[in-house]
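Chemist: Input: one structure, supplied below.
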Amino acid sequence: MKRNHQSEVAINRCVDSTKQWEKFLQMIGTLERNSTIKDLHAFADYLNDERKIKPAMQGLSYYFKFLENNIMSQEASKIRGKYLKRNALNLKDFVGLTNDDITILKEKGITNANNILAAGTTEDKRKALAKDTGIPYDSILALVKMADLSRIFGVKGVRARLYVDSGIDTVEKMSEANSEELIATTSSFIERTNFPGIPPTQKEAKSAIETAKKILKNIDY
């Protein structure tokens with residue numbers, strides 16, 4: 001890699017990623033020479049944290065390119081690209097906000113999930129924002145909770161609203177749930193209220209819970 005003018009950081013990332021990859025292959029009982037694209041995706045699922053997946057896949061892309069395994073190199077880049085495209089949800093993506101609310105918040109410089117989280121980290125901040133905008137406090141609180149949950153990979157506008165309205169309304173509560181409970185709670189809520197969404201699958205529920213355990217809990221409820 002040094003011959004290809006890769007930086008020291010890129011080289012170290014490649015080494016670290018390769019070690020993680022080899023450890024994973026040992027765990028699943030697969031030899032490196034027999035590894036497949038399916039194993040790469042399973043590795044990403046195993047890491048289950050986009051902050052780990054992106055550098056790992058970048059390192060593996062270099063690694064496979066060095067081995068002249070273009071298929072695996074391109075797939076690692078593709079997996080990394082999927083996570084790079086993940087941006088903060090816009091306010092309009094969340095369910096339950098009126099157009100007036102969105103317009104008012106936009107005038108305050110709040111247009112996406114990251115903005116509302118920064119503006120609503122504490123109860124005092126949320127109360128001040130409610131007073132400043134004229135938007136009810138409960139609506140501000142619900143929006144902050146949805147934005148917080150949207151930090152979990154795969155949780156978008158409708159699913160965030162489902163979790164909040166069904167009572168699994170914070171990242172901390174999500175981290176303490178189990179997949180069966182999460183599915184049962186959301187299914188029951190949908191049946192009672194005709195909420196326009198579907199409950200998470202077993203895989204989605206497990207992924208959401210495991211991700212929530214790793215996310216920094218920095219919102220004061």
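Labels for the structure tokens follow display order: chains A, B, ..., residues from 1 in each chain, ligands from 1.
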Excluding stretch 167-174 of chain A and residues on its chain fewer than 2 positions from it, collect all residues at most 9 Å away from it, counting only C-alpha atoms, and give them as a list in words.
Modeler: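 Near neighbours after the sequence-gap exclusion: Ala142, Lys145, Met146, Asp148, Leu149, Arg151, Ile152, Ala160, Arg161, Leu162, Tyr163, Val164, Asp165, Glu176, Ala177, Asn178, Leu182, Thr185, Thr186, Ala208, Ile209, Glu210, Ala212, Lys213, Ile215, Leu216, Lys217 and Tyr221 of chain A.
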Chemist: How would the residues just chosen look if you wrote them out with C-alpha atoms as a CSV table (one decimal), in the first residue's frame?
Modeler:
```csv
chain,number,residue,atom,x,y,z
A,142,ALA,CA,-42.4,14.3,20.4
A,145,LYS,CA,-37.9,12.0,20.6
A,146,MET,CA,-38.4,11.0,16.9
A,148,ASP,CA,-33.3,10.9,18.7
A,149,LEU,CA,-34.7,7.5,17.6
A,151,ARG,CA,-30.2,8.0,14.9
A,152,ILE,CA,-30.8,4.3,14.9
A,160,ALA,CA,-39.9,6.8,14.6
A,161,ARG,CA,-43.5,8.0,15.1
A,162,LEU,CA,-44.6,4.4,15.7
A,163,TYR,CA,-42.0,3.9,18.4
A,164,VAL,CA,-42.8,7.2,20.1
A,165,ASP,CA,-46.6,6.8,20.0
A,176,GLU,CA,-33.7,-1.9,27.4
A,177,ALA,CA,-36.3,-3.6,25.3
A,178,ASN,CA,-36.2,-7.1,23.8
A,182,LEU,CA,-40.9,-4.4,20.7
A,185,THR,CA,-46.0,-3.5,21.7
A,186,THR,CA,-45.9,-1.9,18.2
A,208,ALA,CA,-32.6,-1.4,16.5
A,209,ILE,CA,-32.1,-2.6,20.1
A,210,GLU,CA,-28.5,-3.5,19.6
A,212,ALA,CA,-29.6,1.8,20.7
A,213,LYS,CA,-27.3,0.1,23.3
A,215,ILE,CA,-25.7,5.1,20.8
A,216,LEU,CA,-24.7,8.0,23.1
A,217,LYS,CA,-27.7,9.0,25.3
A,221,TYR,CA,-35.8,13.8,29.2
```
Chemist: Show which residues sit within 12 Å of A:Glu75, as a ChimeraX atom specification. Count only C-alpha atoms, and ignore same-chain residues fewer than 2 positions away.
Modeler: /A:36-41,44,57-58,60-62,64-65,69-73,77-82
Chemist: Include C-alpha atoms and write out the residues we just selected as a PDB file, in the first residue's frame.
Modeler:
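What ended up in out_12.pdb:
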```
ATOM      1  CA  THR A  36     -18.085 -14.550  -0.181  1.00  0.00           C
ATOM      2  CA  ILE A  37     -20.088 -11.368  -0.674  1.00  0.00           C
ATOM      3  CA  LYS A  38     -22.675 -12.868   1.662  1.00  0.00           C
ATOM      4  CA  ASP A  39     -19.994 -13.082   4.356  1.00  0.00           C
ATOM      5  CA  LEU A  40     -19.159  -9.393   3.844  1.00  0.00           C
ATOM      6  CA  HIS A  41     -22.779  -8.432   4.482  1.00  0.00           C
ATOM      7  CA  ALA A  44     -21.475  -5.604   8.473  1.00  0.00           C
ATOM      8  CA  MET A  57     -15.406  -1.586   4.765  1.00  0.00           C
ATOM      9  CA  GLN A  58     -13.022   1.087   3.548  1.00  0.00           C
ATOM     10  CA  LEU A  60     -11.380  -4.148   3.419  1.00  0.00           C
ATOM     11  CA  SER A  61     -11.859  -2.450   0.073  1.00  0.00           C
ATOM     12  CA  TYR A  62      -8.132  -1.595   0.074  1.00  0.00           C
ATOM     13  CA  PHE A  64      -9.216  -6.910  -1.392  1.00  0.00           C
ATOM     14  CA  LYS A  65      -7.890  -4.543  -4.037  1.00  0.00           C
ATOM     15  CA  ASN A  69     -10.101  -9.513  -5.676  1.00  0.00           C
ATOM     16  CA  ASN A  70     -12.061  -6.787  -7.431  1.00  0.00           C
ATOM     17  CA  ILE A  71     -15.477  -8.314  -6.754  1.00  0.00           C
ATOM     18  CA  MET A  72     -15.022  -8.265  -2.969  1.00  0.00           C
ATOM     19  CA  SER A  73     -13.292  -4.863  -3.100  1.00  0.00           C
ATOM     20  CA  SER A  77     -17.048  -0.096  -1.178  1.00  0.00           C
ATOM     21  CA  LYS A  78     -20.728  -0.522  -2.007  1.00  0.00           C
ATOM     22  CA  ILE A  79     -21.596  -1.458   1.590  1.00  0.00           C
ATOM     23  CA  ARG A  80     -19.623   1.539   2.880  1.00  0.00           C
ATOM     24  CA  GLY A  81     -21.380   3.790   0.374  1.00  0.00           C
ATOM     25  CA  LYS A  82     -24.769   2.746   1.693  1.00  0.00           C
TER      26      LYS A  82
END
```
Chemist: For a quick check of understanding, using only C-alpha atoms, which of A:Leu25, A:Glu107, A:Gly120, A:Asp101 has the smallest distance to A:Gly134?
Modeler: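 Using only C-alpha atoms, the shortest distance to A:Gly134 belongs to A:Asp101.
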Chemist: Give me, please, the distance in Å between atom CA of A:Tyr46 and atom CA of A:Leu117, quoted to one decimal.
Modeler: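 Taking atom CA of A:Tyr46 and atom CA of A:Leu117, their separation equals 28.2 Å.
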Chemist: Quick one: pick out all helix (DSSP H, G or I) residues within stretch 102-218 of chain A from a backbone DSSP run and write them as a PyMOL selection string.
Modeler: chain A and resi 102-107+113-119+123-133+137-149+157-166+171-176+179-193+202-214
Chemist: Could you check how far atom CA of A:Arg126 sits from atom CA of A:Thr193, in Å to one decimal?
Modeler: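 Atom CA of A:Thr193 lies at a distance of 27.8 Å from atom CA of A:Arg126.
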Chemist: I'd like the contact shell of A:Asp220 - 7 Å cut-off, only C-alpha atoms, skipping same-chain residues fewer than 4 positions apart - returned as JSON, numbers by chain.
Modeler: {"A": [121, 122, 123]}
Chemist: Residues within 9 Å of A:Lys92, please, as a compact mmCIF listing (two decimals) with C-alpha atoms, in the first residue's frame. Count only C-alpha atoms; anything in the same chain fewer than 5 positions from it doesn't count.
Modeler:
```txt
# COMPACT_ATOMS: atom_id res chain seq x y z
CA LEU A 97 -45.81 17.81 11.96
CA THR A 98 -47.93 20.43 10.26
CA ASN A 99 -46.61 22.49 7.38
CA ILE A 102 -42.11 23.05 9.66
CA THR A 111 -34.67 21.95 9.23
CA ASN A 112 -33.56 18.44 10.15
CA GLY A 157 -40.06 9.04 9.81
```
Chemist: So which residues touch A:Ser179 within 7 Å, counting only C-alpha atoms, skipping near sequence neighbours fewer than 4 positions away, as a short mmCIF file (atom, residue, chain, number, x, y, z; two decimals) with C-alpha atoms, in the first residue's frame?
Modeler:
```cif
data_model
loop_
_atom_site.label_atom_id
_atom_site.label_comp_id
_atom_site.auth_asym_id
_atom_site.auth_seq_id
_atom_site.Cartn_x
_atom_site.Cartn_y
_atom_site.Cartn_z
CA ILE A 183 -42.77 -6.30 18.07
CA GLN A 202 -37.48 -9.74 14.13
CA ALA A 205 -36.15 -5.17 16.09
CA LYS A 206 -32.92 -6.86 17.14
#
```
